[in-house]
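Colleague: This is model_26.txt, which holds compact mmCIF, C-alpha atoms and all ligand atoms:
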# COMPACT_ATOMS: atom_id res chain seq x y z
CA MET A 3 82.39 19.44 -29.51
CA ALA A 4 85.66 20.77 -28.12
CA GLU A 5 84.16 24.22 -28.32
CA GLU A 6 81.09 23.04 -26.44
CA LYS A 7 83.28 21.61 -23.73
CA GLY A 8 85.18 24.89 -23.45
CA PHE A 9 81.90 26.75 -23.26
CA PHE A 10 80.68 24.57 -20.40
CA LYS A 11 83.96 24.98 -18.54
CA ARG A 12 83.78 28.74 -18.87
CA LEU A 13 80.21 28.67 -17.62
CA VAL A 14 81.20 26.52 -14.65
CA SER A 15 83.98 28.93 -13.74
CA GLY A 16 81.84 32.04 -14.35
CA LEU A 17 79.24 30.70 -11.94
CA THR A 18 81.72 30.15 -9.10
CA LYS A 19 80.28 32.85 -6.85
CA THR A 20 76.70 31.84 -7.50
CA ARG A 21 77.67 28.25 -6.78
CA ASP A 22 79.38 29.26 -3.53
CA ASN A 23 76.27 31.17 -2.62
CA ILE A 24 73.69 28.48 -3.39
CA VAL A 25 75.09 25.03 -3.97
CA SER A 26 77.69 25.03 -1.20
CA GLY A 27 74.98 25.96 1.28
CA MET A 28 72.73 23.22 -0.02
CA ASP A 29 75.43 20.60 0.06
CA SER A 30 76.24 21.37 3.66
CA ILE A 31 72.55 20.88 4.48
CA PHE A 32 72.42 17.58 2.57
CA HIS A 33 75.45 16.37 4.50
CA GLY A 34 74.72 18.05 7.83
CA PHE A 35 71.27 16.57 8.36
CA SER A 36 70.86 12.94 9.31
CA HIS A 37 67.19 12.84 8.37
CA ILE A 38 64.59 14.83 6.48
CA ASP A 39 62.48 16.99 8.77
CA GLU A 40 60.95 20.48 8.93
CA ASP A 41 64.29 22.06 9.91
CA PHE A 42 65.86 20.50 6.83
CA TYR A 43 63.24 22.06 4.54
CA GLU A 44 63.48 25.38 6.35
CA GLU A 45 67.22 25.58 5.91
CA LEU A 46 66.94 24.68 2.25
CA GLU A 47 64.33 27.38 1.85
CA GLU A 48 66.68 29.93 3.35
CA VAL A 49 69.49 28.98 0.99
CA LEU A 50 67.23 29.23 -2.05
CA ILE A 51 65.85 32.62 -1.00
CA MET A 52 69.33 33.94 -0.17
CA GLY A 53 70.46 32.63 -3.56
CA ASP A 54 67.95 34.95 -5.27
CA LEU A 55 65.75 32.20 -6.65
CA GLY A 56 62.74 34.24 -5.54
CA VAL A 57 59.93 33.44 -3.10
CA GLN A 58 57.59 31.94 -5.68
CA ALA A 59 60.11 29.63 -7.33
CA THR A 60 61.51 28.59 -3.95
CA GLU A 61 58.06 27.57 -2.73
CA ASP A 62 57.31 25.63 -5.90
CA ILE A 63 60.66 23.85 -5.85
CA LEU A 64 60.25 22.84 -2.20
CA ASP A 65 56.63 21.70 -2.68
CA ASP A 66 57.83 19.50 -5.50
CA LEU A 67 60.67 18.15 -3.36
CA ARG A 68 58.33 17.35 -0.45
CA GLU A 69 55.97 15.53 -2.77
CA LYS A 70 58.70 13.41 -4.32
CA VAL A 71 60.31 12.61 -0.96
CA LYS A 72 56.95 11.30 0.18
CA GLU A 73 56.13 9.43 -3.02
CA ARG A 74 59.50 7.76 -3.28
CA HIS A 75 59.88 7.13 0.47
CA ILE A 76 63.22 8.92 0.50
CA LYS A 77 64.97 8.92 3.85
CA GLU A 78 68.47 10.20 3.10
CA PRO A 79 68.91 13.98 2.85
CA SER A 80 71.68 13.47 0.28
CA ASP A 81 69.21 11.70 -2.03
CA CYS A 82 67.40 15.02 -2.35
CA ARG A 83 70.20 16.66 -4.31
CA GLN A 84 69.29 15.22 -7.70
CA ILE A 85 65.56 15.73 -7.08
CA LEU A 86 66.25 19.36 -6.34
CA ILE A 87 68.33 19.76 -9.51
CA ASP A 88 65.54 18.21 -11.61
CA SER A 89 62.95 20.33 -9.88
CA ILE A 90 64.83 23.58 -10.58
CA LYS A 91 65.07 22.57 -14.24
CA GLU A 92 61.35 21.81 -14.29
CA GLN A 93 60.46 25.16 -12.76
CA MET A 94 62.62 26.91 -15.32
CA ASP A 95 60.99 25.12 -18.23
CA VAL A 96 59.56 27.68 -20.65
CA GLY A 97 59.59 25.43 -23.71
CA GLU A 98 62.19 25.64 -26.40
CA THR A 99 63.71 29.11 -26.72
CA ALA A 100 63.41 30.52 -30.23
CA TYR A 101 66.00 32.76 -31.85
CA GLU A 102 63.94 33.31 -34.97
CA PHE A 103 64.96 36.96 -35.30
CA GLU A 104 68.54 35.90 -35.99
CA GLY A 105 67.47 34.30 -39.26
CA ARG A 106 64.77 36.65 -40.52
CA THR A 107 64.24 40.27 -41.43
CA SER A 108 63.45 41.62 -38.01
CA VAL A 109 63.21 44.52 -35.64
CA VAL A 110 64.48 44.00 -32.12
CA MET A 111 63.44 46.53 -29.48
CA VAL A 112 65.81 46.53 -26.55
CA VAL A 113 64.58 48.03 -23.28
CA GLY A 114 66.18 48.33 -19.86
CA VAL A 115 66.93 50.98 -17.26
CA ASN A 116 70.17 52.95 -17.37
CA GLY A 117 73.24 51.28 -16.00
CA VAL A 118 72.22 47.68 -16.62
CA GLY A 119 74.55 47.30 -19.60
CA LYS A 120 72.00 47.91 -22.36
CA THR A 121 74.30 49.73 -24.77
CA THR A 122 77.10 47.21 -24.31
CA THR A 123 74.65 44.36 -24.85
CA ILE A 124 73.28 45.86 -28.07
CA GLY A 125 76.88 46.20 -29.29
CA LYS A 126 77.59 42.57 -28.47
CA LEU A 127 74.39 41.42 -30.15
CA ALA A 128 75.26 43.45 -33.25
CA GLY A 129 78.70 41.82 -33.24
CA LYS A 130 77.15 38.37 -32.99
CA LEU A 131 74.85 39.02 -35.94
CA ARG A 132 77.65 40.57 -38.00
CA ALA A 133 79.70 37.44 -37.39
CA GLN A 134 76.87 35.55 -39.10
CA ASN A 135 77.25 37.97 -42.02
CA LYS A 136 73.99 39.78 -41.30
CA LYS A 137 73.46 43.38 -42.24
CA VAL A 138 72.71 45.18 -39.00
CA ILE A 139 71.39 48.67 -38.35
CA LEU A 140 71.33 50.21 -34.87
CA ALA A 141 68.79 52.84 -33.90
CA ALA A 142 69.88 55.16 -31.08
CA ALA A 143 66.35 55.75 -29.82
CA ASP A 144 67.51 56.26 -26.22
CA THR A 145 67.64 60.00 -26.84
CA PHE A 146 67.08 60.86 -23.20
CA ARG A 147 70.48 60.13 -21.74
CA ALA A 148 73.38 62.30 -22.74
CA ALA A 149 76.23 60.32 -24.31
CA ALA A 150 74.10 57.21 -24.89
CA GLY A 151 74.22 57.89 -28.63
CA GLU A 152 77.99 58.43 -28.58
CA GLN A 153 78.55 55.18 -26.74
CA LEU A 154 76.34 53.31 -29.16
CA LYS A 155 78.29 54.82 -32.05
CA GLU A 156 81.50 53.31 -30.69
CA TRP A 157 79.85 49.92 -30.48
CA ALA A 158 78.43 50.31 -33.98
CA ASN A 159 81.96 50.96 -35.29
CA ARG A 160 83.33 48.01 -33.39
CA ALA A 161 80.63 45.70 -34.74
CA GLN A 162 80.70 47.28 -38.21
CA ALA A 163 77.02 48.08 -38.07
CA GLU A 164 75.33 51.22 -39.29
CA LEU A 165 73.94 53.69 -36.77
CA ILE A 166 70.87 55.88 -37.14
CA GLY A 167 70.67 58.50 -34.40
CA GLY A 168 68.92 61.70 -33.48
CA GLN A 169 69.68 64.82 -31.49
CA GLU A 170 69.78 64.46 -27.72
CA GLY A 171 66.25 64.95 -26.43
CA SER A 172 64.63 64.38 -29.82
CA ASP A 173 61.58 62.15 -30.24
CA PRO A 174 62.64 58.48 -29.99
CA ALA A 175 59.79 57.52 -32.31
CA ALA A 176 61.25 59.80 -35.00
CA VAL A 177 64.59 57.99 -34.70
CA VAL A 178 62.81 54.65 -35.02
CA TYR A 179 60.96 55.95 -38.10
CA ASP A 180 64.24 57.00 -39.76
CA ALA A 181 65.87 53.71 -38.80
CA VAL A 182 63.01 51.68 -40.30
CA GLN A 183 63.28 53.60 -43.56
CA ALA A 184 67.03 52.98 -43.61
CA ALA A 185 66.56 49.28 -42.82
CA LYS A 186 64.12 48.89 -45.70
CA ALA A 187 66.15 50.92 -48.19
CA ARG A 188 69.37 49.07 -47.39
CA HIS A 189 67.82 45.65 -47.03
CA ALA A 190 69.05 45.19 -43.49
CA ASP A 191 68.58 41.81 -41.87
CA VAL A 192 68.18 43.06 -38.32
CA LEU A 193 67.31 46.47 -36.93
CA LEU A 194 68.31 46.76 -33.27
CA CYS A 195 66.61 49.64 -31.43
CA ASP A 196 68.19 51.01 -28.26
CA THR A 197 65.22 52.48 -26.43
CA ALA A 198 64.96 54.30 -23.14
CA GLY A 199 63.75 52.61 -20.01
CA ARG A 200 62.67 55.16 -17.51
CA LEU A 201 60.52 53.11 -15.22
CA HIS A 202 59.57 55.92 -12.86
CA ASN A 203 56.76 56.91 -15.18
CA LYS A 204 55.19 53.73 -16.47
CA LYS A 205 52.39 55.48 -18.30
CA ASN A 206 54.77 57.63 -20.35
CA LEU A 207 57.04 54.68 -21.01
CA MET A 208 54.10 52.61 -22.21
CA GLU A 209 53.00 55.44 -24.51
CA GLU A 210 56.51 55.86 -25.87
CA LEU A 211 56.88 52.16 -26.60
CA ARG A 212 53.40 52.01 -28.14
CA LYS A 213 54.21 54.90 -30.42
CA MET A 214 57.39 53.21 -31.62
CA ASN A 215 55.61 49.91 -32.12
CA ARG A 216 52.83 51.58 -34.12
CA ILE A 217 55.40 53.08 -36.46
CA ILE A 218 57.10 49.73 -37.00
CA ASP A 219 53.73 47.98 -37.51
CA ARG A 220 52.73 50.54 -40.10
CA GLU A 221 56.02 51.05 -41.91
CA TYR A 222 57.57 47.62 -41.68
CA PRO A 223 54.80 45.02 -41.30
CA GLU A 224 56.89 42.29 -42.90
CA ALA A 225 59.53 42.45 -40.17
CA PHE A 226 59.61 39.82 -37.45
CA ARG A 227 59.38 41.42 -33.99
CA GLU A 228 61.22 40.82 -30.77
CA THR A 229 61.29 42.83 -27.54
CA LEU A 230 64.14 42.08 -25.18
CA VAL A 231 64.65 43.41 -21.65
CA VAL A 232 68.20 43.87 -20.43
CA LEU A 233 68.66 43.26 -16.70
CA ASP A 234 71.73 43.47 -14.48
CA ALA A 235 72.09 40.10 -12.72
CA THR A 236 74.12 41.65 -9.89
CA THR A 237 71.01 43.52 -8.71
CA GLY A 238 69.22 40.26 -7.86
CA GLN A 239 65.62 40.83 -6.81
CA ASN A 240 65.64 44.35 -8.31
CA ALA A 241 66.22 42.76 -11.69
CA LEU A 242 63.20 40.53 -11.15
CA GLN A 243 61.10 43.56 -10.24
CA GLN A 244 62.27 45.44 -13.35
CA ALA A 245 61.33 42.46 -15.51
CA LYS A 246 57.85 42.50 -13.95
CA ASP A 247 57.50 46.23 -14.54
CA PHE A 248 58.50 45.95 -18.19
CA LYS A 249 56.18 42.99 -18.62
CA ASP A 250 53.36 45.29 -17.50
CA VAL A 251 54.05 47.81 -20.26
CA ALA A 252 55.25 45.72 -23.21
CA ASP A 253 55.07 42.28 -24.79
CA ILE A 254 58.42 41.00 -23.70
CA THR A 255 59.74 38.08 -25.73
CA GLY A 256 63.01 37.54 -23.94
CA ILE A 257 65.49 38.63 -21.32
CA ILE A 258 69.18 39.35 -21.45
CA LEU A 259 70.94 39.02 -18.10
CA THR A 260 74.17 41.00 -17.98
CA LYS A 261 77.16 40.72 -15.65
CA MET A 262 76.66 37.02 -14.97
CA ASP A 263 80.44 36.75 -14.78
CA GLY A 264 81.48 36.93 -11.19
CA THR A 265 78.09 37.61 -9.58
CA ALA A 266 76.78 35.61 -6.62
CA LYS A 267 73.24 36.37 -7.72
CA GLY A 268 73.03 34.14 -10.81
CA GLY A 269 70.07 32.39 -9.15
CA ILE A 270 67.97 35.27 -10.46
CA ALA A 271 67.85 33.42 -13.81
CA VAL A 272 65.77 30.74 -12.07
CA ALA A 273 63.40 33.30 -10.56
CA ILE A 274 62.88 35.04 -13.90
CA GLN A 275 62.04 31.95 -15.91
CA ALA A 276 60.06 30.27 -13.14
CA GLU A 277 58.03 33.28 -12.05
CA LEU A 278 57.57 35.14 -15.29
CA GLY A 279 57.72 32.33 -17.82
CA ILE A 280 59.88 34.53 -20.05
CA PRO A 281 63.01 32.92 -21.49
CA VAL A 282 66.42 34.29 -20.65
CA LYS A 283 67.80 34.34 -24.20
CA TYR A 284 71.34 35.55 -23.59
CA ILE A 285 73.70 36.18 -20.71
CA GLY A 286 76.49 38.74 -20.60
CA VAL A 287 79.69 37.25 -19.25
CA GLY A 288 82.19 40.09 -19.66
CA GLU A 289 82.82 43.46 -21.22
CA THR A 290 84.09 42.57 -24.69
CA ILE A 291 82.13 42.05 -27.87
CA GLU A 292 82.42 38.25 -27.64
CA ASP A 293 81.02 38.10 -24.14
CA LEU A 294 77.39 37.34 -24.93
CA GLN A 295 76.23 33.75 -24.81
CA LYS A 296 72.98 32.02 -25.58
CA PHE A 297 71.35 30.82 -22.41
CA ASP A 298 70.05 27.32 -21.87
CA ALA A 299 68.40 26.57 -18.53
CA ASP A 300 69.41 22.89 -18.34
CA THR A 301 73.04 23.67 -19.14
CA PHE A 302 72.96 26.51 -16.63
CA VAL A 303 71.66 24.29 -13.82
CA ASP A 304 74.15 21.53 -14.71
CA ALA A 305 77.00 24.05 -14.66
CA LEU A 306 75.80 25.44 -11.36
CA PHE A 307 75.73 22.02 -9.69
CA ALA A 308 78.82 20.70 -11.42
CA VAL A 309 81.81 19.92 -9.25
CA PRO A 310 84.45 22.12 -10.93
CA GLU A 311 87.41 19.81 -10.18
CA GLU A 312 85.67 16.93 -11.89
CA LYS A 313 85.30 18.99 -15.05
CA GLU A 314 89.03 19.63 -15.30
CA GLU A 315 90.96 17.41 -17.65
N1 LIG A 401 81.48 42.27 -16.28
C1 LIG A 401 80.53 42.66 -17.12
N2 LIG A 401 80.33 43.96 -17.33
C2 LIG A 401 79.38 44.33 -18.20
C3 LIG A 401 78.55 43.39 -18.85
N3 LIG A 401 77.68 44.07 -19.62
C4 LIG A 401 77.95 45.38 -19.45
N4 LIG A 401 78.96 45.56 -18.58
C5 LIG A 401 79.54 46.83 -18.10
O1 LIG A 401 78.56 47.56 -17.41
C6 LIG A 401 78.78 48.96 -17.56
C7 LIG A 401 77.51 49.64 -18.02
O2 LIG A 401 77.26 49.27 -19.32
P1 LIG A 401 76.51 50.21 -20.37
O3 LIG A 401 76.36 49.48 -21.61
O4 LIG A 401 77.11 51.55 -20.36
O5 LIG A 401 75.11 50.22 -19.70
P2 LIG A 401 74.03 51.25 -19.56
O6 LIG A 401 74.50 52.32 -18.66
O7 LIG A 401 72.87 50.43 -19.18
O8 LIG A 401 73.77 51.87 -20.94
P3 LIG A 401 72.46 52.68 -21.16
O9 LIG A 401 71.34 51.83 -20.74
O10 LIG A 401 72.50 52.94 -22.59
O11 LIG A 401 72.54 53.89 -20.29
C8 LIG A 401 79.95 49.08 -18.52
O12 LIG A 401 81.12 49.31 -17.80
C9 LIG A 401 80.00 47.72 -19.20
O13 LIG A 401 81.29 47.38 -19.65
C10 LIG A 401 78.78 41.98 -18.59
O14 LIG A 401 78.11 41.07 -19.09
N5 LIG A 401 79.78 41.69 -17.72
Once more with this new file: its structure as structure tokens, please.
Modeller:
Amino acid sequence: MAEEKGFFKRLVSGLTKTRDNIVSGMDSIFHGFSHIDEDFYEELEEVLIMGDLGVQATEDILDDLREKVKERHIKEPSDCRQILIDSIKEQMDVGETAYEFEGRTSVVMVVGVNGVGKTTTIGKLAGKLRAQNKKVILAAADTFRAAAGEQLKEWANRAQAELIGGQEGSDPAAVVYDAVQAAKARHADVLLCDTAGRLHNKKNLMEELRKMNRIIDREYPEAFRETLVVLDATTGQNALQQAKDFKDVADITGIILTKMDGTAKGGIAVAIQAELGIPVKYIGVGETIEDLQKFDADTFVDALFAVPEEKEE
């Protein structure tokens, strides 16, 4: 319980810039307007768009707000605050997020373009699983980028996980094949595959991912499967676009949003869940191995709209 409280506090403080960007703007609208009119909705719309909630989610949230204002005969702008909070939660609802792979023999494919924090995130995830006493193997199947393998090796050491790699420029599918054999032989709980994410050639990327998936299907049919996309929250709408692009080429089961600490663009989590219906499973909140947290939309929205002073003890 105390830990939960600490977690919420940290989340509240980590979201300071996002809060300044979205909630402060909203609150000044709720207090600045004396009645609810078109200008009121327009200004709210601007704040939501500027807060990276995305065009689609913003429209849906405001449609819902308009409807409820009408239904409930609401006159006071400030009475809209709670409706808006509930509406954001509703738009983000993707059902209960499952973390089944954490408790089963599984293969987790991790995709994401260079620079988003993919390697760091895989290291953190390996650390998290190791802390649960799982046997973890990492596959360095991002053979395209020089030094990616080296960096992953460091993380593997840190997390005490085993690393299966290949030569730079070698076939990623061959690395995955070797890693699957190792995972089976050593009775690994989770095989985490660091795969390349070069989005400029979607057809090749799709082929590459298909090839890897075929190998896993054939060689390791008993393994539970998960495909996670790593996105950099600080890139806002670009992150949303990347998620869409990856969704086009693979069956994405979850998203990891990195660099949520200190960004003003945390609203992107709303856009991703509302527009794509894919759960954000984890958020990165710093550079160390402990800085990966499970994401829960309701807690996120509550933390975003929390008044920080009130949460201090
Ligand atoms: N503040 C912060 N920094 C992070 C987070 N995740 C990653 N980083 C940093 O982002 C930088 C890039 O991370 P890498 O893991 O090298 O990301 P990458 O370049 O995507 O790796 P590849 O995809 O393998 O090329 C590093 O300096 C990380 O420490 C996070 O959640 N918060």
Colleague: Which is closest to Ala299 (chain A) among A:Lys19, A:Lys283, A:Lys267, A:His37, if we use only C-alpha atoms?
Modeller: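 Of A:Lys19, A:Lys283, A:Lys267, A:His37, the one nearest Ala299 (chain A) is A:Lys283, counting only C-alpha atoms.
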Colleague: Within 9 Å of Met28 (chain A), counting all atoms listed in the file, which residues show up once you throw out same-chain ones fewer than 5 positions away? Write them as an mmCIF file with C-alpha atoms, keeping the file's coordinate frame, please.
Modeller:
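This is the output file selection.cif:
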data_model
loop_
_atom_site.group_PDB
_atom_site.id
_atom_site.type_symbol
_atom_site.label_atom_id
_atom_site.label_comp_id
_atom_site.auth_asym_id
_atom_site.auth_seq_id
_atom_site.Cartn_x
_atom_site.Cartn_y
_atom_site.Cartn_z
ATOM 1 C CA HIS A 33 75.450 16.370 4.500
ATOM 2 C CA GLU A 45 67.220 25.580 5.910
ATOM 3 C CA LEU A 46 66.940 24.680 2.250
ATOM 4 C CA VAL A 49 69.490 28.980 0.990
ATOM 5 C CA LEU A 50 67.230 29.230 -2.050
ATOM 6 C CA ARG A 83 70.200 16.660 -4.310
#
Colleague: Work out where the centre of an axis-aligned box around every listed atom of region 213-229 of chain A lies and how long its edges are once 8 Å is added on each side; give both in Å to one decimal as JSON.
Modeller:
{"center_x": 57.0, "center_y": 47.4, "center_z": -35.2, "size_x": 24.6, "size_y": 31.1, "size_z": 31.4}
Colleague: Within 6 Å of ligand LIG 401 (chain A) (counting only C-alpha atoms and all ligand atoms), which residues show up? I'd like them as an NGL selection string.
Modeller: :A and (115-122 or 150 or 260-263 or 286-289)
Colleague: Taking all atoms listed in the file into account, which of A:Gly279, A:Gly256, A:Gly151, A:Gly269 comes nearest Ser172 (chain A)?
Modeller: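 Among the listed residues, the smallest separation from Ser172 (chain A) belongs to A:Gly151.
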Colleague: I need the residue nearest Ile217 (chain A) from this list: A:Ala241, A:Ala161, A:Ala181, A:Val231. Use only C-alpha atoms for the distance.
Modeller: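 Selected residue with least distance to Ile217 (chain A): A:Ala181.
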Colleague: One number please: CA of Thr197 (chain A) to CA of Ile139 (chain A), in Å, one decimal.
Modeller: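 Taking CA of Thr197 (chain A) as the start and CA of Ile139 (chain A) as the end point, the length is 14.0 Å.
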Colleague: Which of these, A:Thr236, A:Lys11, A:Pro281, A:Val71, has the shortest distance to Gly264 (chain A) once you count all atoms listed in the file?
Modeller: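 Comparing A:Thr236, A:Lys11, A:Pro281, A:Val71 against Gly264 (chain A), the winner is A:Thr236.
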Colleague: Looking at A:Lys205, A:Lys77, A:Lys137, A:Lys213, which one is nearest to Asp250 (chain A), with distances taken over all atoms listed in the file?
Modeller: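 Counting all atoms listed in the file, the residue closest to Asp250 (chain A) is A:Lys205.
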Colleague: Rank nothing, just name the residue among A:Glu152, A:Glu102, A:Glu164, A:Asp88 nearest to Asp304 (chain A), using all atoms listed in the file.
Modeller: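 Closest to Asp304 (chain A) of all the choices is A:Asp88.
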Colleague: Which residues, written as a PyMOL selection string, have at least one atom at most 7 Å from region 105-110 of chain A, with all atoms listed in the file counted and residues fewer than 2 positions away on the same chain left out?
Modeller: chain A and resi 102-103+112+191-195+225-229
Colleague: I'd like the interatomic distance between CA of Asn215 (chain A) and CA of Tyr179 (chain A), to a tenth of an Å.
Modeller: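 CA of Tyr179 (chain A) lies at a distance of 10.0 Å from CA of Asn215 (chain A).
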Colleague: Region 198-200 of chain A: which residues within 6 Å, counting all atoms listed in the file, same-chain residues fewer than 2 positions away excluded, as a ChimeraX atom specification?
Modeller: /A:113-115,144,202
Colleague: Residues within 8 Å of Pro174 (chain A), please, as a PyMOL selection string. Count only C-alpha atoms; anything in the same chain fewer than 4 positions from it doesn't count.
Modeller: chain A and resi 143-145+168+178+197+210+214
Colleague: Kindly give the distance, in Å, that separates CA of Leu127 (chain A) and CA of Glu156 (chain A), rounded to a single decimal.
Modeller: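 Computing the Euclidean distance for CA of Leu127 (chain A) and CA of Glu156 (chain A) yields 13.9 Å.
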Colleague: Counting only C-alpha atoms, I want the residues whose atoms come within 10 Å of (70.1, 9.7, 3.8) in the file frame, returned as JSON, numbers by chain.
Modeller: {"A": [32, 33, 35, 36, 37, 38, 76, 77, 78, 79, 80, 81, 82]}
Colleague: Could you pull the residues within 10 Å of Glu92 (chain A), counting all atoms listed in the file, minus those fewer than 2 positions along the same chain, as a list of chain:residue names?
Modeller: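 What passes the distance filter is A:Ile63, A:Asp66, A:Leu86, A:Ile87, A:Asp88, A:Ser89, A:Ile90, A:Met94, A:Asp95, A:Val96, A:Ala276, A:Ala299, A:Asp300.
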Colleague: Start from the incomplete input, build N, CA and C atoms for region 156-174 of chain A, and deliver everything as a short mmCIF file (atom, residue, chain, number, x, y, z; two decimals), in the coordinates of the input.
Modeller:
data_model
loop_
_atom_site.label_atom_id
_atom_site.label_comp_id
_atom_site.auth_asym_id
_atom_site.auth_seq_id
_atom_site.Cartn_x
_atom_site.Cartn_y
_atom_site.Cartn_z
N GLU A 156 80.25 54.08 -30.85
CA GLU A 156 81.50 53.31 -30.69
C GLU A 156 81.27 51.83 -30.92
N TRP A 157 80.17 51.34 -30.33
CA TRP A 157 79.85 49.92 -30.48
C TRP A 157 79.51 49.59 -31.93
N ALA A 158 78.80 50.52 -32.58
CA ALA A 158 78.43 50.31 -33.98
C ALA A 158 79.70 50.18 -34.82
N ASN A 159 80.69 51.04 -34.56
CA ASN A 159 81.96 50.96 -35.29
C ASN A 159 82.64 49.63 -35.04
N ARG A 160 82.68 49.26 -33.77
CA ARG A 160 83.33 48.01 -33.39
C ARG A 160 82.69 46.82 -34.10
N ALA A 161 81.36 46.84 -34.15
CA ALA A 161 80.63 45.70 -34.74
C ALA A 161 80.47 45.84 -36.25
N GLN A 162 80.90 46.97 -36.78
CA GLN A 162 80.70 47.28 -38.21
C GLN A 162 79.22 47.24 -38.57
N ALA A 163 78.45 47.95 -37.79
CA ALA A 163 77.02 48.08 -38.07
C ALA A 163 76.75 49.56 -38.32
N GLU A 164 75.65 49.82 -39.00
CA GLU A 164 75.33 51.22 -39.29
C GLU A 164 74.50 51.79 -38.14
N LEU A 165 74.70 53.08 -37.88
CA LEU A 165 73.94 53.69 -36.77
C LEU A 165 73.04 54.81 -37.28
N ILE A 166 71.78 54.77 -36.85
CA ILE A 166 70.87 55.88 -37.14
C ILE A 166 70.56 56.54 -35.80
N GLY A 167 70.87 57.82 -35.69
CA GLY A 167 70.67 58.50 -34.40
C GLY A 167 69.86 59.76 -34.56
N GLY A 168 69.63 60.43 -33.44
CA GLY A 168 68.92 61.70 -33.48
C GLY A 168 69.60 62.65 -32.51
N GLN A 169 69.14 63.86 -32.46
CA GLN A 169 69.68 64.82 -31.49
C GLN A 169 69.28 64.37 -30.09
N GLU A 170 70.12 64.76 -29.11
CA GLU A 170 69.78 64.46 -27.72
C GLU A 170 68.44 65.14 -27.40
N GLY A 171 67.54 64.38 -26.80
CA GLY A 171 66.25 64.95 -26.43
C GLY A 171 65.22 64.93 -27.55
N SER A 172 65.60 64.42 -28.72
CA SER A 172 64.63 64.38 -29.82
C SER A 172 63.66 63.21 -29.61
N ASP A 173 62.63 63.17 -30.41
CA ASP A 173 61.58 62.15 -30.24
C ASP A 173 62.12 60.76 -30.63
N PRO A 174 62.13 59.83 -29.69
CA PRO A 174 62.64 58.48 -29.99
C PRO A 174 61.89 57.84 -31.15
#
